[in-house]
>>> print(open('structure.cif').read())   # mmCIF, N, CA and C atoms
data_target
#
loop_
_atom_site.label_atom_id
_atom_site.label_comp_id
_atom_site.auth_asym_id
_atom_site.auth_seq_id
_atom_site.Cartn_x
_atom_site.Cartn_y
_atom_site.Cartn_z
N MET A 1 -52.73 110.56 -108.80
CA MET A 1 -51.80 111.67 -109.00
C MET A 1 -52.39 112.95 -108.43
N ASN A 2 -51.59 113.71 -107.74
CA ASN A 2 -52.03 114.98 -107.17
C ASN A 2 -52.08 116.04 -108.27
N LYS A 3 -53.27 116.49 -108.64
CA LYS A 3 -53.45 117.44 -109.73
C LYS A 3 -52.95 118.84 -109.38
N LYS A 4 -52.59 119.08 -108.14
CA LYS A 4 -52.11 120.40 -107.76
C LYS A 4 -50.59 120.46 -107.68
N GLU A 5 -49.91 119.40 -108.05
CA GLU A 5 -48.45 119.40 -107.97
C GLU A 5 -47.87 120.48 -108.87
N LEU A 6 -46.74 121.01 -108.48
CA LEU A 6 -46.05 121.99 -109.29
C LEU A 6 -45.40 121.29 -110.48
N ILE A 7 -45.27 122.04 -111.54
CA ILE A 7 -44.63 121.47 -112.73
C ILE A 7 -43.20 121.10 -112.36
N ASN A 8 -42.78 119.94 -112.80
CA ASN A 8 -41.46 119.44 -112.43
C ASN A 8 -40.64 119.22 -113.70
N LEU A 9 -40.23 120.32 -114.32
CA LEU A 9 -39.43 120.27 -115.54
C LEU A 9 -38.25 121.21 -115.38
N ASN A 10 -37.14 120.88 -115.99
CA ASN A 10 -35.93 121.69 -115.89
C ASN A 10 -35.67 122.42 -117.20
N VAL A 11 -35.49 123.74 -117.10
CA VAL A 11 -35.21 124.54 -118.29
C VAL A 11 -33.94 124.01 -118.96
N GLY A 12 -34.03 123.84 -120.27
CA GLY A 12 -32.90 123.35 -121.06
C GLY A 12 -32.86 121.85 -121.24
N GLU A 13 -33.65 121.12 -120.46
CA GLU A 13 -33.65 119.66 -120.55
C GLU A 13 -34.57 119.20 -121.68
N VAL A 14 -34.18 118.11 -122.34
CA VAL A 14 -34.96 117.55 -123.45
C VAL A 14 -35.83 116.42 -122.92
N TYR A 15 -37.10 116.43 -123.35
CA TYR A 15 -38.08 115.43 -122.94
C TYR A 15 -38.76 114.85 -124.16
N ARG A 16 -39.24 113.61 -124.03
CA ARG A 16 -40.13 113.05 -125.05
C ARG A 16 -41.49 113.73 -124.85
N ARG A 17 -42.05 114.24 -125.95
CA ARG A 17 -43.35 114.90 -125.81
C ARG A 17 -44.37 113.92 -125.24
N ALA A 18 -44.32 112.67 -125.66
CA ALA A 18 -45.27 111.66 -125.15
C ALA A 18 -45.17 111.51 -123.64
N ASP A 19 -43.98 111.64 -123.07
CA ASP A 19 -43.81 111.52 -121.62
C ASP A 19 -44.47 112.70 -120.89
N ILE A 20 -44.39 113.88 -121.49
CA ILE A 20 -45.04 115.06 -120.90
C ILE A 20 -46.54 114.82 -120.84
N HIS A 21 -47.11 114.31 -121.93
CA HIS A 21 -48.55 114.06 -121.97
C HIS A 21 -48.94 112.89 -121.07
N ASP A 22 -48.08 111.89 -120.95
CA ASP A 22 -48.36 110.78 -120.04
C ASP A 22 -48.49 111.30 -118.60
N ARG A 23 -47.69 112.27 -118.25
CA ARG A 23 -47.69 112.79 -116.88
C ARG A 23 -48.80 113.81 -116.64
N TYR A 24 -48.98 114.74 -117.59
CA TYR A 24 -49.90 115.85 -117.36
C TYR A 24 -51.18 115.80 -118.20
N GLY A 25 -51.19 115.00 -119.26
CA GLY A 25 -52.35 114.96 -120.16
C GLY A 25 -52.24 116.04 -121.21
N GLY A 26 -53.36 116.40 -121.78
CA GLY A 26 -53.39 117.42 -122.83
C GLY A 26 -53.36 116.81 -124.22
N GLN A 27 -53.62 117.66 -125.20
CA GLN A 27 -53.68 117.22 -126.58
C GLN A 27 -52.30 116.79 -127.06
N LEU A 28 -52.25 115.63 -127.73
CA LEU A 28 -50.98 115.06 -128.18
C LEU A 28 -50.47 115.70 -129.46
N GLN A 29 -51.35 116.34 -130.20
CA GLN A 29 -50.95 116.96 -131.45
C GLN A 29 -51.26 118.44 -131.41
N GLY A 30 -50.64 119.17 -132.30
CA GLY A 30 -50.86 120.61 -132.35
C GLY A 30 -49.88 121.35 -131.47
N GLY A 31 -49.90 122.66 -131.58
CA GLY A 31 -48.93 123.47 -130.88
C GLY A 31 -49.35 123.93 -129.51
N ILE A 32 -50.65 123.91 -129.22
CA ILE A 32 -51.15 124.37 -127.92
C ILE A 32 -51.86 123.20 -127.24
N SER A 33 -51.43 122.90 -126.03
CA SER A 33 -52.00 121.79 -125.28
C SER A 33 -52.48 122.30 -123.94
N THR A 34 -53.70 121.93 -123.57
CA THR A 34 -54.31 122.40 -122.33
C THR A 34 -54.71 121.20 -121.47
N PRO A 35 -53.79 120.70 -120.65
CA PRO A 35 -54.08 119.51 -119.84
C PRO A 35 -55.22 119.73 -118.86
N ALA A 36 -56.23 118.90 -118.94
CA ALA A 36 -57.37 118.98 -118.01
C ALA A 36 -56.89 118.65 -116.60
N GLY A 37 -57.34 119.42 -115.63
CA GLY A 37 -57.00 119.13 -114.25
C GLY A 37 -55.68 119.72 -113.79
N TYR A 38 -54.96 120.36 -114.69
CA TYR A 38 -53.70 121.01 -114.32
C TYR A 38 -53.76 122.48 -114.71
N PRO A 39 -53.12 123.34 -113.95
CA PRO A 39 -53.17 124.77 -114.25
C PRO A 39 -52.09 125.21 -115.25
N TYR A 40 -52.00 124.50 -116.37
CA TYR A 40 -50.94 124.76 -117.34
C TYR A 40 -51.49 124.91 -118.74
N VAL A 41 -50.78 125.70 -119.55
CA VAL A 41 -50.96 125.76 -120.99
C VAL A 41 -49.58 125.44 -121.56
N PHE A 42 -49.49 124.39 -122.35
CA PHE A 42 -48.22 123.99 -122.96
C PHE A 42 -48.18 124.47 -124.40
N LEU A 43 -47.09 125.13 -124.78
CA LEU A 43 -46.87 125.56 -126.15
C LEU A 43 -45.72 124.77 -126.74
N PHE A 44 -45.93 124.23 -127.92
CA PHE A 44 -44.91 123.47 -128.62
C PHE A 44 -44.57 124.20 -129.91
N SER A 45 -43.30 124.47 -130.11
CA SER A 45 -42.87 125.25 -131.26
C SER A 45 -41.76 124.53 -132.01
N GLY A 46 -41.79 124.66 -133.32
CA GLY A 46 -40.75 124.05 -134.13
C GLY A 46 -40.84 124.51 -135.57
N GLN A 47 -39.83 124.23 -136.33
CA GLN A 47 -39.77 124.68 -137.72
C GLN A 47 -40.78 123.99 -138.61
N GLN A 48 -41.34 122.87 -138.19
CA GLN A 48 -42.26 122.13 -139.04
C GLN A 48 -43.50 122.93 -139.41
N GLY A 49 -43.85 123.95 -138.64
CA GLY A 49 -45.05 124.73 -138.93
C GLY A 49 -44.81 125.94 -139.83
N GLU A 50 -43.57 126.24 -140.17
CA GLU A 50 -43.26 127.44 -140.92
C GLU A 50 -43.90 127.47 -142.31
N GLU A 51 -44.04 126.31 -142.94
CA GLU A 51 -44.64 126.30 -144.27
C GLU A 51 -46.12 126.65 -144.23
N TYR A 52 -46.73 126.63 -143.04
CA TYR A 52 -48.14 127.00 -142.88
C TYR A 52 -48.30 128.33 -142.17
N GLY A 53 -47.26 129.15 -142.17
CA GLY A 53 -47.35 130.48 -141.59
C GLY A 53 -47.11 130.57 -140.10
N TYR A 54 -46.69 129.49 -139.48
CA TYR A 54 -46.40 129.51 -138.05
C TYR A 54 -44.93 129.85 -137.86
N GLU A 55 -44.67 131.08 -137.48
CA GLU A 55 -43.30 131.55 -137.27
C GLU A 55 -43.17 132.02 -135.84
N ASP A 56 -42.55 131.22 -135.02
CA ASP A 56 -42.39 131.51 -133.61
C ASP A 56 -40.93 131.84 -133.34
N GLY A 57 -40.67 132.55 -132.26
CA GLY A 57 -39.28 132.73 -131.89
C GLY A 57 -39.00 133.89 -130.97
N GLN A 58 -37.82 133.82 -130.41
CA GLN A 58 -37.30 134.83 -129.49
C GLN A 58 -37.00 136.10 -130.27
N GLN A 59 -37.37 137.23 -129.71
CA GLN A 59 -37.11 138.53 -130.32
C GLN A 59 -35.96 139.24 -129.59
N ASP A 60 -35.41 140.26 -130.22
CA ASP A 60 -34.30 141.00 -129.61
C ASP A 60 -34.66 141.63 -128.27
N ASP A 61 -35.93 142.00 -128.09
CA ASP A 61 -36.35 142.64 -126.84
C ASP A 61 -36.71 141.62 -125.76
N LYS A 62 -36.33 140.36 -125.97
CA LYS A 62 -36.55 139.28 -125.00
C LYS A 62 -37.99 138.75 -124.98
N THR A 63 -38.85 139.27 -125.85
CA THR A 63 -40.18 138.68 -125.94
C THR A 63 -40.11 137.47 -126.85
N TYR A 64 -41.13 136.63 -126.74
CA TYR A 64 -41.24 135.44 -127.58
C TYR A 64 -42.54 135.58 -128.36
N LEU A 65 -42.46 135.53 -129.67
CA LEU A 65 -43.66 135.60 -130.50
C LEU A 65 -44.11 134.18 -130.82
N TYR A 66 -45.39 133.93 -130.61
CA TYR A 66 -45.95 132.59 -130.83
C TYR A 66 -47.21 132.72 -131.67
N THR A 67 -47.24 132.03 -132.81
CA THR A 67 -48.40 132.07 -133.69
C THR A 67 -49.51 131.20 -133.12
N GLY A 68 -50.73 131.72 -133.12
CA GLY A 68 -51.88 131.00 -132.58
C GLY A 68 -52.26 129.78 -133.39
N GLU A 69 -53.37 129.13 -132.98
CA GLU A 69 -53.80 127.92 -133.66
C GLU A 69 -54.96 128.20 -134.60
N GLY A 70 -55.06 127.34 -135.59
CA GLY A 70 -56.08 127.44 -136.63
C GLY A 70 -55.40 127.27 -137.97
N GLN A 71 -55.72 126.22 -138.69
CA GLN A 71 -54.97 125.90 -139.90
C GLN A 71 -55.57 126.49 -141.17
N VAL A 72 -56.88 126.77 -141.18
CA VAL A 72 -57.52 127.28 -142.39
C VAL A 72 -58.41 128.47 -142.03
N GLY A 73 -58.30 129.54 -142.80
CA GLY A 73 -59.12 130.72 -142.57
C GLY A 73 -58.58 131.57 -141.43
N ASP A 74 -59.28 132.67 -141.17
CA ASP A 74 -58.86 133.57 -140.09
C ASP A 74 -58.90 132.83 -138.75
N MET A 75 -57.90 133.09 -137.92
CA MET A 75 -57.89 132.51 -136.58
C MET A 75 -58.96 133.18 -135.73
N VAL A 76 -59.50 132.42 -134.78
CA VAL A 76 -60.51 132.95 -133.86
C VAL A 76 -60.03 132.75 -132.42
N MET A 77 -60.56 133.56 -131.53
CA MET A 77 -60.14 133.52 -130.13
C MET A 77 -60.95 132.45 -129.40
N LEU A 78 -60.64 131.20 -129.70
CA LEU A 78 -61.26 130.03 -129.06
C LEU A 78 -60.18 129.05 -128.65
N ARG A 79 -60.57 128.04 -127.91
CA ARG A 79 -59.73 126.92 -127.51
C ARG A 79 -58.33 127.37 -127.06
N GLY A 80 -57.30 126.90 -127.75
CA GLY A 80 -55.92 127.19 -127.34
C GLY A 80 -55.56 128.66 -127.37
N ASN A 81 -56.08 129.38 -128.37
CA ASN A 81 -55.78 130.82 -128.44
C ASN A 81 -56.32 131.55 -127.22
N ARG A 82 -57.54 131.23 -126.84
CA ARG A 82 -58.13 131.84 -125.65
C ARG A 82 -57.38 131.38 -124.39
N ALA A 83 -56.92 130.14 -124.37
CA ALA A 83 -56.18 129.63 -123.21
C ALA A 83 -54.90 130.44 -122.98
N ILE A 84 -54.22 130.82 -124.06
CA ILE A 84 -53.01 131.65 -123.92
C ILE A 84 -53.39 133.03 -123.40
N ARG A 85 -54.34 133.67 -124.07
CA ARG A 85 -54.72 135.04 -123.70
C ARG A 85 -55.20 135.12 -122.26
N ASP A 86 -56.00 134.14 -121.82
CA ASP A 86 -56.65 134.20 -120.51
C ASP A 86 -55.94 133.38 -119.43
N ALA A 87 -54.71 132.94 -119.69
CA ALA A 87 -54.02 132.05 -118.75
C ALA A 87 -53.96 132.64 -117.34
N ALA A 88 -53.44 133.83 -117.20
CA ALA A 88 -53.29 134.42 -115.85
C ALA A 88 -54.64 134.60 -115.18
N GLU A 89 -55.61 135.09 -115.94
CA GLU A 89 -56.96 135.30 -115.41
C GLU A 89 -57.58 133.99 -114.91
N ASN A 90 -57.21 132.88 -115.55
CA ASN A 90 -57.74 131.57 -115.19
C ASN A 90 -56.83 130.80 -114.23
N GLY A 91 -55.79 131.46 -113.72
CA GLY A 91 -54.90 130.82 -112.76
C GLY A 91 -53.98 129.78 -113.37
N LYS A 92 -53.66 129.94 -114.65
CA LYS A 92 -52.80 128.97 -115.34
C LYS A 92 -51.47 129.60 -115.72
N THR A 93 -50.45 128.77 -115.83
CA THR A 93 -49.15 129.23 -116.29
C THR A 93 -48.87 128.64 -117.67
N ILE A 94 -48.11 129.39 -118.46
CA ILE A 94 -47.79 129.00 -119.84
C ILE A 94 -46.36 128.47 -119.85
N HIS A 95 -46.16 127.31 -120.51
CA HIS A 95 -44.85 126.67 -120.56
C HIS A 95 -44.50 126.36 -122.01
N LEU A 96 -43.28 126.76 -122.41
CA LEU A 96 -42.83 126.64 -123.79
C LEU A 96 -41.86 125.47 -123.96
N PHE A 97 -42.12 124.70 -125.02
CA PHE A 97 -41.24 123.61 -125.43
C PHE A 97 -40.87 123.83 -126.89
N GLU A 98 -39.60 123.64 -127.23
CA GLU A 98 -39.15 123.79 -128.61
C GLU A 98 -38.63 122.45 -129.10
N TYR A 99 -39.07 122.07 -130.31
CA TYR A 99 -38.67 120.78 -130.87
C TYR A 99 -37.17 120.74 -131.14
N GLU A 100 -36.56 119.66 -130.72
CA GLU A 100 -35.16 119.36 -131.01
C GLU A 100 -35.08 118.41 -132.20
N GLU A 101 -35.99 117.45 -132.21
CA GLU A 101 -36.13 116.46 -133.28
C GLU A 101 -37.53 115.89 -133.13
N PRO A 102 -38.01 115.16 -134.13
CA PRO A 102 -39.39 114.64 -134.01
C PRO A 102 -39.60 113.87 -132.70
N GLY A 103 -40.62 114.28 -131.97
CA GLY A 103 -40.99 113.61 -130.73
C GLY A 103 -40.25 114.08 -129.49
N TYR A 104 -39.22 114.91 -129.65
CA TYR A 104 -38.40 115.37 -128.52
C TYR A 104 -38.38 116.89 -128.47
N VAL A 105 -38.65 117.42 -127.27
CA VAL A 105 -38.73 118.86 -127.09
C VAL A 105 -37.84 119.31 -125.93
N ARG A 106 -37.30 120.50 -126.06
CA ARG A 106 -36.50 121.11 -125.00
C ARG A 106 -37.41 122.09 -124.25
N TYR A 107 -37.42 121.98 -122.92
CA TYR A 107 -38.22 122.88 -122.11
C TYR A 107 -37.52 124.23 -122.05
N ALA A 108 -38.20 125.28 -122.55
CA ALA A 108 -37.60 126.62 -122.62
C ALA A 108 -37.98 127.49 -121.43
N GLY A 109 -39.00 127.11 -120.67
CA GLY A 109 -39.35 127.87 -119.49
C GLY A 109 -40.78 128.37 -119.48
N GLU A 110 -41.07 129.14 -118.45
CA GLU A 110 -42.42 129.68 -118.25
C GLU A 110 -42.52 131.06 -118.88
N LEU A 111 -43.63 131.30 -119.54
CA LEU A 111 -43.90 132.57 -120.21
C LEU A 111 -45.15 133.20 -119.62
N ILE A 112 -45.27 134.51 -119.81
CA ILE A 112 -46.50 135.20 -119.45
C ILE A 112 -47.03 135.92 -120.69
N TYR A 113 -48.34 135.97 -120.79
CA TYR A 113 -48.99 136.67 -121.90
C TYR A 113 -48.84 138.17 -121.68
N VAL A 114 -48.39 138.87 -122.74
CA VAL A 114 -48.26 140.32 -122.69
C VAL A 114 -49.34 140.97 -123.55
N ASN A 115 -49.48 140.48 -124.79
CA ASN A 115 -50.41 141.06 -125.74
C ASN A 115 -50.51 140.12 -126.94
N HIS A 116 -51.34 140.50 -127.90
CA HIS A 116 -51.37 139.78 -129.18
C HIS A 116 -51.76 140.77 -130.26
N HIS A 117 -51.44 140.42 -131.48
CA HIS A 117 -51.82 141.22 -132.63
C HIS A 117 -52.09 140.28 -133.80
N TYR A 118 -52.65 140.83 -134.87
CA TYR A 118 -52.90 140.05 -136.09
C TYR A 118 -51.79 140.30 -137.09
N GLU A 119 -51.48 139.27 -137.86
CA GLU A 119 -50.61 139.41 -139.03
C GLU A 119 -51.25 138.61 -140.15
N GLU A 120 -51.01 139.05 -141.38
CA GLU A 120 -51.47 138.25 -142.52
C GLU A 120 -50.44 137.17 -142.78
N LYS A 121 -50.90 135.93 -142.75
CA LYS A 121 -50.02 134.77 -142.96
C LYS A 121 -50.79 133.76 -143.79
N PRO A 122 -50.07 132.91 -144.50
CA PRO A 122 -50.77 131.88 -145.28
C PRO A 122 -51.35 130.80 -144.36
N ASP A 123 -52.49 130.25 -144.77
CA ASP A 123 -53.03 129.11 -144.04
C ASP A 123 -52.54 127.83 -144.71
N ARG A 124 -53.07 126.71 -144.27
CA ARG A 124 -52.63 125.41 -144.78
C ARG A 124 -52.88 125.27 -146.28
N THR A 125 -53.86 126.00 -146.80
CA THR A 125 -54.18 125.90 -148.23
C THR A 125 -53.43 126.94 -149.06
N GLY A 126 -52.65 127.81 -148.38
CA GLY A 126 -51.89 128.83 -149.09
C GLY A 126 -52.58 130.17 -149.19
N HIS A 127 -53.82 130.27 -148.74
CA HIS A 127 -54.55 131.54 -148.77
C HIS A 127 -54.14 132.41 -147.59
N LEU A 128 -54.06 133.72 -147.83
CA LEU A 128 -53.75 134.63 -146.73
C LEU A 128 -54.93 134.74 -145.78
N ARG A 129 -54.61 134.86 -144.50
CA ARG A 129 -55.64 134.98 -143.48
C ARG A 129 -55.11 135.79 -142.32
N LYS A 130 -55.99 136.23 -141.43
CA LYS A 130 -55.58 136.89 -140.20
C LYS A 130 -55.13 135.83 -139.21
N ALA A 131 -53.90 135.98 -138.74
CA ALA A 131 -53.36 135.03 -137.77
C ALA A 131 -52.99 135.77 -136.49
N PHE A 132 -53.32 135.19 -135.36
CA PHE A 132 -52.90 135.75 -134.08
C PHE A 132 -51.40 135.54 -133.90
N VAL A 133 -50.72 136.55 -133.42
CA VAL A 133 -49.35 136.41 -132.97
C VAL A 133 -49.33 136.88 -131.53
N PHE A 134 -49.04 135.95 -130.65
CA PHE A 134 -49.01 136.25 -129.22
C PHE A 134 -47.64 136.76 -128.82
N GLU A 135 -47.64 137.83 -128.05
CA GLU A 135 -46.42 138.42 -127.52
C GLU A 135 -46.29 137.96 -126.08
N LEU A 136 -45.28 137.16 -125.84
CA LEU A 136 -45.08 136.52 -124.53
C LEU A 136 -43.73 136.95 -123.97
N ALA A 137 -43.61 136.92 -122.66
CA ALA A 137 -42.34 137.26 -121.99
C ALA A 137 -41.98 136.15 -121.04
N TYR A 138 -40.69 135.89 -120.90
CA TYR A 138 -40.24 134.89 -119.92
C TYR A 138 -40.46 135.40 -118.51
N ARG A 139 -40.97 134.51 -117.68
CA ARG A 139 -41.16 134.86 -116.26
C ARG A 139 -39.80 134.78 -115.59
N ASP A 140 -39.48 135.82 -114.83
CA ASP A 140 -38.18 135.86 -114.11
C ASP A 140 -38.15 134.88 -112.98
#
>>> encode(input="structure.cif", output="structure tokens")
Amino acid sequence: MNKKELINLNVGEVYRRADIHDRYGGQLQGGISTPAGYPYVFLFSGQQGEEYGYEDGQQDDKTYLYTGEGQVGDMVMLRGNRAIRDAAENGKTIHLFEYEEPGYVRYAGELIYVNHHYEEKPDRTGHLRKAFVFELAYRD
């Protein structure tokens, strides 16, 4: 497989998440996937994370807020969180998928990192912690 191929996904189309990973690789679980050998960061968003303080979504000003990774304690700027923040600097593009049903995601398009801030949100154990909220914009 040519690792430099352009991403071949259609905005609005529904895909099996497993098929995306079969083609590009990356972590099969979690919200942030960083396929080795490809210049992509994949974000997966859905309501299943809301009980753990993960609240993602489109804002009125056309930005998309995405909660970073880390299930217990304060989030740190490592792994997937750093991949989002440093995507452009590292020559990677960010791609958003939203869950339609278990195992199936709708491709929402390419995003660019704008900024991030902290919010107090509950972790998996119910304790409040500092959570990253990434401010992303759709690429025109």
>>> closest_residue(input="structure.cif", among="A:Thr125, A:Thr93, A:Asn115, A:Asn81", to="A:Tyr40", atoms="all atoms listed in the file")
A:Thr93
>>> closest_residue(input="structure.cif", among="A:Gly68, A:Gly57, A:Gly73, A:Pro39", to="A:His116", atoms="only C-alpha atoms")
A:Gly68
>>> residues_around(input="structure.cif", residues="A:Ile84", least_positions_apart="5", cutoff="7 Å", atoms="all atoms listed in the file", output="MDAnalysis selection string")
chainID A and resid 41 79 113
>>> select_by_dssp(input="structure.cif", residues="chain A", states="alpha helix (DSSP H)", output="VMD selection string")
chain A and resid 17 to 24 79 to 85
>>> write_last_selection(input="structure.cif", atoms="N, CA and C atoms", output="compact mmCIF listing (two decimals), in the frame of the given file")
# COMPACT_ATOMS: atom_id res chain seq x y z
N ARG A 17 -42.05 114.24 -125.95
CA ARG A 17 -43.35 114.90 -125.81
C ARG A 17 -44.37 113.92 -125.24
N ALA A 18 -44.32 112.67 -125.66
CA ALA A 18 -45.27 111.66 -125.15
C ALA A 18 -45.17 111.51 -123.64
N ASP A 19 -43.98 111.64 -123.07
CA ASP A 19 -43.81 111.52 -121.62
C ASP A 19 -44.47 112.70 -120.89
N ILE A 20 -44.39 113.88 -121.49
CA ILE A 20 -45.04 115.06 -120.90
C ILE A 20 -46.54 114.82 -120.84
N HIS A 21 -47.11 114.31 -121.93
CA HIS A 21 -48.55 114.06 -121.97
C HIS A 21 -48.94 112.89 -121.07
N ASP A 22 -48.08 111.89 -120.95
CA ASP A 22 -48.36 110.78 -120.04
C ASP A 22 -48.49 111.30 -118.60
N ARG A 23 -47.69 112.27 -118.25
CA ARG A 23 -47.69 112.79 -116.88
C ARG A 23 -48.80 113.81 -116.64
N TYR A 24 -48.98 114.74 -117.59
CA TYR A 24 -49.90 115.85 -117.36
C TYR A 24 -51.18 115.80 -118.20
N ARG A 79 -60.57 128.04 -127.91
CA ARG A 79 -59.73 126.92 -127.51
C ARG A 79 -58.33 127.37 -127.06
N GLY A 80 -57.30 126.90 -127.75
CA GLY A 80 -55.92 127.19 -127.34
C GLY A 80 -55.56 128.66 -127.37
N ASN A 81 -56.08 129.38 -128.37
CA ASN A 81 -55.78 130.82 -128.44
C ASN A 81 -56.32 131.55 -127.22
N ARG A 82 -57.54 131.23 -126.84
CA ARG A 82 -58.13 131.84 -125.65
C ARG A 82 -57.38 131.38 -124.39
N ALA A 83 -56.92 130.14 -124.37
CA ALA A 83 -56.18 129.63 -123.21
C ALA A 83 -54.90 130.44 -122.98
N ILE A 84 -54.22 130.82 -124.06
CA ILE A 84 -53.01 131.65 -123.92
C ILE A 84 -53.39 133.03 -123.40
N ARG A 85 -54.34 133.67 -124.07
CA ARG A 85 -54.72 135.04 -123.70
C ARG A 85 -55.20 135.12 -122.26
>>> closest_residue(input="structure.cif", among="A:Ala87, A:Leu65, A:Ala137, A:Ile7", to="A:Ser45", atoms="only C-alpha atoms")
A:Leu65
>>> closest_residue(input="structure.cif", among="A:Pro122, A:Gly70, A:His95, A:Lys62", to="A:Val11", atoms="only C-alpha atoms")
A:His95
>>> select_by_dssp(input="structure.cif", residues="stretch 9-122 of chain A", states="strand (DSSP E or B)", output="PyMOL selection string")
chain A and resi 14-16+32-33+40-45+57-58+63-67+93-101+104-122
>>> residues_around(input="structure.cif", residues="A:Leu96", least_positions_apart="4", cutoff="7 Å", atoms="all atoms listed in the file", output="ChimeraX atom specification")
/A:41-45,106-111
>>> atom_distance(input="structure.cif", atom1="atom CA of A:Glu119", atom2="atom CA of A:Asp140")
28.1 Å
>>> closest_residue(input="structure.cif", among="A:Thr34, A:Gln59, A:Gln71, A:Asn90", to="A:Leu136", atoms="only C-alpha atoms")
A:Gln59
>>> resolve_selection(input="structure.cif", expression="the PyMOL selection byres (((chain A and resi 104 and name CA) around 12) and name CA)", output="ChimeraX atom specification")
/A:13-20,44-46,97-103,105-107
>>> atom_distance(input="structure.cif", atom1="atom C of A:Leu9", atom2="atom C of A:Tyr24")
14.3 Å
